[in-house]
Amino acid sequence: MVLRMRSVGKHYETPEGPLRVLADVDLDLAAGESLALTGESGSGKSTLLHLAAALDRPDAGRIDVAGRTVSELGDRGRAAVRRELVGIVFQQFNLIPSLDVAANLSWHAQLAGRSDPAWERTLCDRLGLAPLLGRYPEQLSGGQQQRVAIGRTLAARPPLILADEPTGNLDEANGDAVLDLMLALIAETGAALLMVTHSMRLAARLDRQVRLAGGRVAP
Ligand SMILES: Nc1ncnc2c1ncn2[C@@H]1O[C@H](COP(=O)(O)OP(=O)(O)OP(=O)(O)O)[C@@H](O)[C@H]1O
């Protein structure tokens, strides 16, 4: 299993008191599998994604990523997991403004120690980024930035790819095209994909769908 969650719980402290967001969540995701995570606003989708990304720690239960128990790790251990095992495509892209497209694309792969120029060239061609390599993020359209963000994640070949509304900023036709390409490229790397989306239409394109409701996962 690339991602395994068992009895995971998470709460936040809020001005109104503790807010239980996830309770007793079990989730399995195998290599090569894609899973859509849906649920109403505030149901805990981003919270679950952040836990799987080792950006945050659960207050109960156990999370394993590619065989490593990330729920037991401290800050340094979780940073290593994010560098080596996880790729995240955020809705806001999070490209590095001071780096051009070429450097943004290879950045995560270099951090992970998996730089592969031939694979990067393939990604550039397939994602239509070859003519844009010398540009900076602010010189790109939203759709172009999105493709760079996807390329950067795939270039590093992480076993687990997490995506938060990765086509949320695109119109339907472009969003569909980008999702198709992303799914095809992910299939080629054999990675597992966990994607948060509000769209049942996009969710239906993935292998499995689960819904978060009342802090739990409902199939
Ligand atoms: N750092 C935080 N401190 C306090 N409460 C938080 C924090 N982060 C999230 N929450 C609360 O936890 C609940 C779940 O939030 P989360 O962002 O995981 O939901 P979501 O399903 O991703 O929502 P959306 O679809 O609107 O993005 C919400 O009620 C939110 O207000």
# chains A, B, ... in the order shown; residues from 1 in each chain; ligands from 1

$ select_by_dssp --residues "range 5-219 of chain A" --states "alpha helix (DSSP H)" --output "ChimeraX atom specification"
/A:45-52,75-84,101-111,117-126,142-155,172-189,200-203

$ residues_around --residues "Met200 in chain A" --least-positions-apart "3" --cutoff "9 Å" --atoms "only C-alpha atoms" --output "VMD selection string"
chain A and resid 36 38 197 203 to 205

$ write_last_selection --atoms "C-alpha atoms" --output "compact mmCIF listing (two decimals), in the first residue's frame"
# COMPACT_ATOMS: atom_id res chain seq x y z
CA ALA A 36 -11.16 10.95 -5.60
CA THR A 38 -15.21 14.39 -2.14
CA THR A 197 -12.42 17.64 -5.80
CA ALA A 203 -14.30 12.34 -9.44
CA ALA A 204 -15.95 9.80 -11.75
CA ARG A 205 -12.84 9.81 -13.97

$ closest_residue --among "A:Ala192, A:Ala109, A:Val217, A:Leu133" --to "ligand 1" --atoms "only C-alpha atoms and all ligand atoms"
A:Val217

$ atom_distance --atom1 "CA of Gly143 in chain A" --atom2 "CA of Glu84 in chain A"
26.5 Å

$ closest_atom_pairs --of "range 149-206 of chain A" --to "range 101-107 of chain A" --cutoff "8 Å" --atoms "only C-alpha atoms" --output "Markdown table"
| residue | atom | partner | partner_atom | distance |
| --- | --- | --- | --- | --- |
| A:Ala149 | CA | A:Leu105 | CA | 7.6 |
| A:Gly151 | CA | A:Leu105 | CA | 6.1 |
| A:Arg152 | CA | A:Leu105 | CA | 4.2 |
| A:Thr153 | CA | A:Leu105 | CA | 7.9 |
| A:Ala155 | CA | A:Ser106 | CA | 6.7 |
| A:Ala156 | CA | A:Ser106 | CA | 7.7 |

$ residues_near_ligand --ligand "ligand 1" --cutoff "8 Å" --atoms "only C-alpha atoms and all ligand atoms" --output "PyMOL selection string"
chain A and resi 11-14+19-21+38-48+196-198+212

$ closest_residue --among "A:Ala30, A:Ile150, A:Ala80, A:Leu202" --to "Met182 in chain A" --atoms "only C-alpha atoms"
A:Ile150

$ select_by_dssp --residues "range 10-195 of chain A" --states "strand (DSSP E)" --output "PDB file with C-alpha atoms, in the first residue's frame"
ATOM      1  CA  LYS A  10      -7.799  15.007  13.984  1.00  0.00           C
ATOM      2  CA  HIS A  11      -9.183  17.996  15.811  1.00  0.00           C
ATOM      3  CA  TYR A  12      -8.389  21.711  15.790  1.00  0.00           C
ATOM      4  CA  GLU A  13      -8.531  24.170  18.648  1.00  0.00           C
ATOM      5  CA  THR A  14     -10.859  27.012  17.695  1.00  0.00           C
ATOM      6  CA  GLY A  17     -13.546  25.153  21.565  1.00  0.00           C
ATOM      7  CA  PRO A  18     -12.104  21.945  20.092  1.00  0.00           C
ATOM      8  CA  LEU A  19     -13.437  21.002  16.645  1.00  0.00           C
ATOM      9  CA  ARG A  20     -13.289  17.303  15.759  1.00  0.00           C
ATOM     10  CA  VAL A  21     -12.729  17.107  11.987  1.00  0.00           C
ATOM     11  CA  LEU A  22     -11.722  13.470  11.380  1.00  0.00           C
ATOM     12  CA  ALA A  23     -12.690  10.490  13.531  1.00  0.00           C
ATOM     13  CA  ASP A  24     -11.677   6.886  13.005  1.00  0.00           C
ATOM     14  CA  VAL A  25     -10.756   7.285   9.335  1.00  0.00           C
ATOM     15  CA  ASP A  26      -9.499   4.199   7.478  1.00  0.00           C
ATOM     16  CA  LEU A  27      -8.173   4.563   3.947  1.00  0.00           C
ATOM     17  CA  ASP A  28      -6.029   2.402   1.639  1.00  0.00           C
ATOM     18  CA  LEU A  29      -4.493   3.448  -1.651  1.00  0.00           C
ATOM     19  CA  SER A  34      -6.382   6.861  -8.301  1.00  0.00           C
ATOM     20  CA  LEU A  35      -8.861   7.928  -5.648  1.00  0.00           C
ATOM     21  CA  ALA A  36     -11.159  10.955  -5.602  1.00  0.00           C
ATOM     22  CA  LEU A  37     -11.951  12.458  -2.205  1.00  0.00           C
ATOM     23  CA  THR A  38     -15.208  14.388  -2.137  1.00  0.00           C
ATOM     24  CA  GLY A  39     -17.369  15.882   0.601  1.00  0.00           C
ATOM     25  CA  ALA A  60      -5.003   9.577  16.872  1.00  0.00           C
ATOM     26  CA  GLY A  61      -4.330   6.600  14.639  1.00  0.00           C
ATOM     27  CA  ARG A  62      -1.596   5.636  12.251  1.00  0.00           C
ATOM     28  CA  ILE A  63      -0.577   6.797   8.756  1.00  0.00           C
ATOM     29  CA  ASP A  64       1.907   4.887   6.563  1.00  0.00           C
ATOM     30  CA  VAL A  65       3.275   6.288   3.309  1.00  0.00           C
ATOM     31  CA  ARG A  68       7.006   4.530   6.432  1.00  0.00           C
ATOM     32  CA  THR A  69       4.938   5.356   9.505  1.00  0.00           C
ATOM     33  CA  VAL A  86       5.125  12.696  -1.718  1.00  0.00           C
ATOM     34  CA  GLY A  87       4.278  15.140  -4.500  1.00  0.00           C
ATOM     35  CA  ILE A  88       1.606  17.761  -4.018  1.00  0.00           C
ATOM     36  CA  VAL A  89      -0.254  19.716  -6.690  1.00  0.00           C
ATOM     37  CA  LEU A 160       2.264   9.211  -3.724  1.00  0.00           C
ATOM     38  CA  ILE A 161       0.747  12.191  -5.528  1.00  0.00           C
ATOM     39  CA  LEU A 162      -1.734  14.396  -3.690  1.00  0.00           C
ATOM     40  CA  ALA A 163      -3.762  16.971  -5.556  1.00  0.00           C
ATOM     41  CA  ASP A 164      -6.144  19.595  -4.196  1.00  0.00           C
ATOM     42  CA  ALA A 192      -0.871   6.445  -6.476  1.00  0.00           C
ATOM     43  CA  LEU A 193      -3.077   9.533  -6.728  1.00  0.00           C
ATOM     44  CA  LEU A 194      -5.334  11.018  -4.065  1.00  0.00           C
ATOM     45  CA  MET A 195      -7.282  13.945  -5.488  1.00  0.00           C
TER      46      MET A 195
END

$ closest_residue --among "A:Pro131, A:Met1, A:Ser199, A:His108" --to "Asp176 in chain A" --atoms "only C-alpha atoms"
A:Ser199

$ residues_around --residues "Thr122 in chain A" --least-positions-apart "4" --cutoff "12 Å" --atoms "only C-alpha atoms" --output "NGL selection string"
:A and (105 or 116-118 or 126-130 or 151 or 154-155 or 185 or 188)
